[in-house]
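Asks: Got a structure for you, written out below as structure tokens; questions coming shortly.
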Amino acid sequence: MSDHVCATLTPTLDRVSGPSDLRVLTDPELCLLAQELRRETIEVVSKTGGHLGSSLGVVELTVAIHAVFNTPMDKLIWDVGHQCYPHKIITGRRDRMLTLRQAGGLSGFTKRSESEYDPFGAAHSSTSISAALGFAVGREMGMPVGDTIAVIGDGAITAGMAYEAMNHAGHLKSRLFVILNDNDMSIAPPVGALQKYLNDIAAKGPVAALKAVAEGVDQHLPGPVRDGARRARQMVTGMPGGSTLFEEFGFEYIGPVDGHDMPQLLATLRAARARATGPVLIHAVTVKGKGYAPAEGADDKYHGVAKFDVATGQQVKAKSNAPSYTAVFGQRLTDEAARDPRIVAITAAMPGGTGLDIMARRFPARVFDVGIAEQHGITFAAGLAASGMKPFCAIYSSFLQRGYDQIVHDVALQNLPVRFAIDRAGLVGQDGATHAGAFDINFLANLPNMTVMAAGDEADLCHMIATAAAHDSGPIAFRYPRGEGSGVEMPERGQVLPLGKGRILRNGRDVALLSFGAHLPEVLAAAEMLQGEGISATVADARFAKPLDTALIDQLLDEHRVLITIEQGSTGGFGALVLHYLAGSGQLEKGRAIRTMTLPDRFIDQGAPAQMYEWAGLRAEDIRTTARAAFAPSRTTGKVVRLS
């Protein structure tokens, strides 16, 4: 629709309080609504930061789906979920959009507890088709569910789980709709044979295979359009009557359609909804960052942005004198790779997010982006290790969960020296609970053959990279947080650490604070606070959760009345390992006060990292309070506190 025609229409977004209001709008008004929705999305994210490019790419899809389908009775599931900002605006949350990703505000992803229009929470990719099929089967078994629609990206559909779901859906023949949002751009450029296949299809024409989703739909098309669609279909498949990959799974395939052409989208969705009897895949070609030039022109299409100036696209980022942990990892691994040609690196669609883009620029043949396929990436790394290479598998903590069976069966069981570089350990800020790296200590340290480390600062991370590179006797993992380091002096080159040995950074007499990982600066700050209250604190950095430095633990327990462990992980992690050792060695009977400080047994919603650790009870003030309370009974009862 032309801008001239739009100018003659009354603004529509102010008239929309929910999706039902879209269903009384004319098609030209829906076109105008999409334009207004795109502008508002840009304005909102400029003030909050967040996932802009993916949301701009689905504006027309969002409007068309809600206009054609009867949400919330019909279940719309977004995959990954970060593209849901336009969806949130038109589903009754417009007045809260400036709280997006803020403490106490709207989640940056879909969230069941937030709205009836979010029937399934998502923030990790490739889950939507499985969930949509679950809803569809629930409907068939009498549950109050209408149609189910899964919107999945071309990056997310490369994951094995999506194929498992399509295979099952084709077998069940349940009616559901999968909309493939093909923008040829996930977080990093999509990789693999499937992406080439999708690109080939998309290049054949605007409607390469507009096939009837059920018998008789093509009869409603004008003759020339119907004949042209059939010819285009033959171009796509390479032979008359040939089928696409999706049809081999049992789906009716429509597309590719222009995901920004509102009349075409509306016509396609209406026809599909009217006639479908089984699973349907609608292939929509979109542009990530559509309608905002700075986003369209950026390499990452403004996938995740800080607050920015709308006019220029310039992002407002806090300056820091300390390097980020991710950048330290990327650069120091590249340095190690320059010295050792056996070092290779694997990422699951996150080369920039993990820092491996640094190594990829220097050694492109030694960095492997496997796409959104953590399971494959881990077993691929296991194969590399078995061949004699030194693979570093760089994956966010929360995404590593997706490959746990492979860690157990393909790596640990065979004692293969895969190196796991675990980024985003601990609480991660505005991405909230879905991306928190809370559980990796627990699920790795309980595995035979596994070595588990955590960097206390960015300099220590350098040593752990060198340690992992030199470690050929089994799997080894090291964790580190998102964000900047503490500004410590950096070593010229990392040194290989003695396995299972911690370090003492500060000597005291009364309380021993045993830190594991990047909470070390808070622990040191707590020790200073205690010193001001007349309580002398030793600060030790465990470095290893497995193997434990039992000699260090013995020393701390012998020389102090109070021992407190602190970690950026959930209950059952490092502190539990220390307690298990002390119980097994009979040392719990020594009468010492022992406390463990972990993340609480609940999921913590988004906020600034400092806020989240405050909610978790892990600030320096909380450590001081815990130490003071544990120490006070000994002092007030007259027991000897200081041991020689």
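Labeling convention for the structure tokens: chains A, B, ... as they appear, residues from 1 per chain, ligands from 1 in order of appearance.
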Within stretch 290-492 of chain A, find each residue whose DSSP state, derived from the backbone, is strand (DSSP E), and express the selection as a PyMOL selection string.

Replies: chain A and resi 343-347+367-369+390-396+419-423+451-454+476-479

Asks: Would you list the contacts of A:Thr312 as a PyMOL selection string, taking every protein, DNA or RNA residue within 12 Å and counting only C-alpha atoms, but skipping same-chain residues closer than 2 positions in sequence?

Replies: chain A and resi 46+292-295+307-310+314-316

Asks: Let me see the file: selected residues, N, CA and C atoms, as a tab-separated table (two decimals), in the first residue's frame.

Replies:
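Heads up, here's the output in result-v9.tsv:
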```tsv
chain	number	residue	atom	x	y	z
A	46	SER	N	14.66	1.98	21.75
A	46	SER	CA	15.67	3.04	21.88
A	46	SER	C	15.81	3.49	23.33
A	292	TYR	N	14.24	0.09	9.52
A	292	TYR	CA	15.11	0.99	10.28
A	292	TYR	C	16.51	0.85	9.71
A	293	ALA	N	16.94	1.86	8.99
A	293	ALA	CA	18.18	1.77	8.21
A	293	ALA	C	19.40	1.36	9.03
A	294	PRO	N	19.64	1.93	10.21
A	294	PRO	CA	20.82	1.49	10.98
A	294	PRO	C	20.81	0.00	11.28
A	295	ALA	N	19.62	-0.56	11.52
A	295	ALA	CA	19.53	-1.99	11.81
A	295	ALA	C	19.75	-2.81	10.54
A	307	LYS	N	20.46	1.03	24.76
A	307	LYS	CA	19.67	2.22	24.42
A	307	LYS	C	20.38	2.96	23.28
A	308	PHE	N	19.59	3.60	22.42
A	308	PHE	CA	20.22	4.25	21.26
A	308	PHE	C	19.44	5.49	20.84
A	309	ASP	N	20.10	6.32	20.05
A	309	ASP	CA	19.48	7.50	19.48
A	309	ASP	C	18.76	7.10	18.20
A	310	VAL	N	17.46	7.34	18.13
A	310	VAL	CA	16.67	6.88	16.97
A	310	VAL	C	17.17	7.52	15.69
A	314	GLN	N	23.00	5.48	17.01
A	314	GLN	CA	24.15	5.38	17.89
A	314	GLN	C	23.73	4.83	19.24
A	315	GLN	N	24.39	3.73	19.67
A	315	GLN	CA	24.04	3.11	20.93
A	315	GLN	C	24.77	3.77	22.09
A	316	VAL	N	24.11	3.82	23.23
A	316	VAL	CA	24.68	4.39	24.44
A	316	VAL	C	25.17	3.24	25.30
```

Asks: Can you pull out every residue from stretch 240-374 of chain A that DSSP, working from the backbone, puts in alpha helix (DSSP H), and format the result as a PyMOL selection string?

Replies: chain A and resi 245-248+262-275+293-297+325-339+351-354+356-362+374

Asks: Any idea what's packed within 9 Å of A:Ile77, counting only C-alpha atoms, ignoring anything in its chain fewer than 3 positions away? Could you give it as a list in words?

Replies: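 Final neighbour list, sorted by chain and number: Gly81, Thr110, Asp118, Pro119, Phe120, Gly121, Ala122, Ser128, Ile129, Ala131, Ala132, Thr148, Ile149, Ala150, Val151 and Ile152 of chain A.
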
Asks: Applying 7 Å and only C-alpha atoms, which residues near stretch 257-267 of chain A remain after dropping the ones on its own chain fewer than 4 positions away? List them as a list in words.

Replies: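 These residues fall inside the cut-off: Cys31, Glu60, Leu61, Ala64, Pro206, Val207, Ala271, His283, Ala284, Val285 and Thr286 of chain A.
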
Asks: Please save N, CA and C atoms of the selected residues as a PDB file, in the first residue's frame.

Replies:
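Written output follows (part-v4.pdb):
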```
ATOM      1  N   CYS A  31      -2.378  -2.471   7.103  1.00  0.00           N
ATOM      2  CA  CYS A  31      -1.083  -2.027   6.556  1.00  0.00           C
ATOM      3  C   CYS A  31      -0.565  -0.813   7.314  1.00  0.00           C
ATOM      4  N   GLU A  60       4.892  -7.198  10.241  1.00  0.00           N
ATOM      5  CA  GLU A  60       3.744  -7.552   9.392  1.00  0.00           C
ATOM      6  C   GLU A  60       3.198  -8.933   9.743  1.00  0.00           C
ATOM      7  N   LEU A  61       4.101  -9.878  10.018  1.00  0.00           N
ATOM      8  CA  LEU A  61       3.651 -11.212  10.424  1.00  0.00           C
ATOM      9  C   LEU A  61       2.802 -11.138  11.693  1.00  0.00           C
ATOM     10  N   ALA A  64      -0.636  -9.673  10.860  1.00  0.00           N
ATOM     11  CA  ALA A  64      -1.433 -10.581  10.026  1.00  0.00           C
ATOM     12  C   ALA A  64      -1.918 -11.786  10.824  1.00  0.00           C
ATOM     13  N   PRO A 206       8.565 -14.861  -5.913  1.00  0.00           N
ATOM     14  CA  PRO A 206       7.840 -14.388  -4.744  1.00  0.00           C
ATOM     15  C   PRO A 206       6.893 -15.414  -4.165  1.00  0.00           C
ATOM     16  N   VAL A 207       6.321 -16.263  -4.984  1.00  0.00           N
ATOM     17  CA  VAL A 207       5.467 -17.340  -4.490  1.00  0.00           C
ATOM     18  C   VAL A 207       5.883 -18.595  -5.238  1.00  0.00           C
ATOM     19  N   ALA A 271      -6.323 -18.243   3.494  1.00  0.00           N
ATOM     20  CA  ALA A 271      -6.536 -19.465   2.722  1.00  0.00           C
ATOM     21  C   ALA A 271      -6.095 -20.693   3.503  1.00  0.00           C
ATOM     22  N   HIS A 283       6.238 -20.537   4.400  1.00  0.00           N
ATOM     23  CA  HIS A 283       7.613 -20.046   4.296  1.00  0.00           C
ATOM     24  C   HIS A 283       7.571 -18.550   3.974  1.00  0.00           C
ATOM     25  N   ALA A 284       7.833 -17.701   4.989  1.00  0.00           N
ATOM     26  CA  ALA A 284       7.795 -16.251   4.819  1.00  0.00           C
ATOM     27  C   ALA A 284       9.209 -15.694   4.800  1.00  0.00           C
ATOM     28  N   VAL A 285       9.537 -14.974   3.770  1.00  0.00           N
ATOM     29  CA  VAL A 285      10.859 -14.363   3.640  1.00  0.00           C
ATOM     30  C   VAL A 285      10.786 -12.938   4.175  1.00  0.00           C
ATOM     31  N   THR A 286      11.626 -12.627   5.171  1.00  0.00           N
ATOM     32  CA  THR A 286      11.601 -11.317   5.819  1.00  0.00           C
ATOM     33  C   THR A 286      13.001 -10.722   5.856  1.00  0.00           C
TER      34      THR A 286
END
```

Asks: Which polymer residues have any atom within 8 Å of an atom of A:Ile476, counting only C-alpha atoms, with same-chain residues fewer than 3 positions away left out, as a ChimeraX atom specification?

Replies: /A:417-420,450-453,468,471

Asks: Do you know which residues are at most 12 Å from A:Gly297 counting only C-alpha atoms, after dropping those on the same chain fewer than 6 positions away, and could you put them as a ChimeraX atom specification?

Replies: /A:53,287-291,303,313

Asks: Could you write those residues out with N, CA and C atoms, as a PDB file, in the first residue's frame?

Replies:
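Resulting contents of selection.pdb:
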```
ATOM      1  N   GLY A  53      16.318  -5.982  16.021  1.00  0.00           N
ATOM      2  CA  GLY A  53      16.265  -6.437  14.631  1.00  0.00           C
ATOM      3  C   GLY A  53      15.258  -7.538  14.399  1.00  0.00           C
ATOM      4  N   VAL A 287      13.076  -9.500   6.317  1.00  0.00           N
ATOM      5  CA  VAL A 287      14.345  -8.787   6.470  1.00  0.00           C
ATOM      6  C   VAL A 287      14.505  -8.432   7.941  1.00  0.00           C
ATOM      7  N   LYS A 288      15.550  -8.929   8.575  1.00  0.00           N
ATOM      8  CA  LYS A 288      15.808  -8.593   9.973  1.00  0.00           C
ATOM      9  C   LYS A 288      16.172  -7.114  10.066  1.00  0.00           C
ATOM     10  N   GLY A 289      15.527  -6.413  10.985  1.00  0.00           N
ATOM     11  CA  GLY A 289      15.755  -4.973  11.106  1.00  0.00           C
ATOM     12  C   GLY A 289      14.948  -4.148  10.134  1.00  0.00           C
ATOM     13  N   LYS A 290      13.979  -4.757   9.462  1.00  0.00           N
ATOM     14  CA  LYS A 290      13.201  -4.103   8.408  1.00  0.00           C
ATOM     15  C   LYS A 290      12.644  -2.752   8.847  1.00  0.00           C
ATOM     16  N   GLY A 291      12.856  -1.749   8.000  1.00  0.00           N
ATOM     17  CA  GLY A 291      12.252  -0.445   8.210  1.00  0.00           C
ATOM     18  C   GLY A 291      13.065   0.515   9.046  1.00  0.00           C
ATOM     19  N   HIS A 303      20.668  -7.143  16.429  1.00  0.00           N
ATOM     20  CA  HIS A 303      20.022  -8.262  17.138  1.00  0.00           C
ATOM     21  C   HIS A 303      19.750  -7.887  18.588  1.00  0.00           C
ATOM     22  N   GLY A 313      20.967   6.008  15.293  1.00  0.00           N
ATOM     23  CA  GLY A 313      21.232   4.604  15.589  1.00  0.00           C
ATOM     24  C   GLY A 313      22.403   4.399  16.533  1.00  0.00           C
TER      25      GLY A 313
END
```

Asks: Can you list, as a ChimeraX atom specification, every protein, DNA or RNA residue that comes within 9 Å of stretch 509-523 of chain A when you count only C-alpha atoms, leaving out same-chain residues fewer than 6 positions away?

Replies: /A:425-426,453-458,479-481,485-486,535-545,553,556-557,559-568,574-575,618-621,623-624,627-628,630-631,641-644

Asks: Any chance you can output those residues with C-alpha atoms as a short mmCIF file (atom, residue, chain, number, x, y, z; two decimals), in the first residue's frame?

Replies:
```
data_model
loop_
_atom_site.label_atom_id
_atom_site.label_comp_id
_atom_site.auth_asym_id
_atom_site.auth_seq_id
_atom_site.Cartn_x
_atom_site.Cartn_y
_atom_site.Cartn_z
CA ALA A 425 27.88 -18.10 34.26
CA GLY A 426 25.81 -16.73 37.12
CA MET A 453 37.10 -24.51 37.38
CA ALA A 454 35.73 -20.99 37.86
CA ALA A 455 37.67 -17.79 37.26
CA GLY A 456 37.84 -15.39 40.19
CA ASP A 457 38.82 -12.53 37.89
CA GLU A 458 39.83 -11.92 34.28
CA ARG A 479 33.12 -20.81 33.91
CA TYR A 480 33.12 -17.02 33.81
CA PRO A 481 30.43 -14.32 33.89
CA GLY A 485 36.24 -7.87 34.71
CA SER A 486 37.41 -6.18 37.88
CA ILE A 535 36.35 -9.38 62.72
CA SER A 536 39.42 -10.63 60.87
CA ALA A 537 38.61 -12.53 57.68
CA THR A 538 40.67 -14.82 55.48
CA VAL A 539 39.68 -14.79 51.81
CA ALA A 540 40.48 -17.86 49.72
CA ASP A 541 39.73 -18.52 46.06
CA ALA A 542 38.98 -22.22 45.52
CA ARG A 543 39.50 -22.07 41.72
CA PHE A 544 38.39 -25.72 41.47
CA ALA A 545 35.10 -27.35 42.40
CA ILE A 553 39.57 -26.64 53.22
CA LEU A 556 40.66 -23.02 56.75
CA LEU A 557 38.59 -25.16 59.09
CA GLU A 559 42.44 -22.07 61.72
CA HIS A 560 38.99 -20.42 61.89
CA ARG A 561 35.80 -20.83 63.87
CA VAL A 562 33.65 -19.93 60.85
CA LEU A 563 33.86 -21.21 57.27
CA ILE A 564 31.59 -19.73 54.59
CA THR A 565 31.51 -20.80 50.93
CA ILE A 566 30.25 -18.32 48.31
CA GLU A 567 29.38 -19.08 44.68
CA GLN A 568 27.36 -17.73 41.74
CA PHE A 574 30.34 -25.96 45.22
CA GLY A 575 29.15 -25.49 48.80
CA LEU A 618 24.73 -12.42 47.70
CA ARG A 619 25.92 -8.82 48.07
CA ALA A 620 29.02 -8.01 50.06
CA GLU A 621 26.65 -6.77 52.78
CA ILE A 623 28.22 -11.99 53.14
CA ARG A 624 29.19 -9.69 56.00
CA ALA A 627 29.71 -14.03 58.69
CA ARG A 628 28.86 -11.76 61.60
CA ALA A 630 27.87 -17.12 62.45
CA PHE A 631 30.76 -15.58 64.39
CA VAL A 641 37.67 -17.66 68.52
CA ARG A 642 41.21 -17.07 67.43
CA LEU A 643 43.24 -20.23 66.98
CA SER A 644 47.00 -20.30 66.91
#
```

Asks: Quick one: pull the distance between atom CA of A:Leu33 and atom CA of A:Pro11, Å, one decimal.

Replies: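 A separation of 7.4 Å between them.
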
Asks: Please measure the separation of atom CA of A:Glu528 and atom CA of A:Val578, giving the value in Å to one decimal.

Replies: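 Separating atom CA of A:Glu528 from atom CA of A:Val578 is a distance of 24.4 Å.
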
Asks: Could you please determine the separation between atom CA of A:Ser398 and atom CA of A:Thr347 in Å, to one decimal place?

Replies: 13.9 Å

Asks: Using only C-alpha atoms for the distances, tell me which of A:Leu30, A:Ala162, A:Leu133, A:Val63 is nearest to A:Val80.

Replies: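 Going through A:Leu30, A:Ala162, A:Leu133, A:Val63 one by one, the smallest distance to A:Val80 is for A:Ala162.
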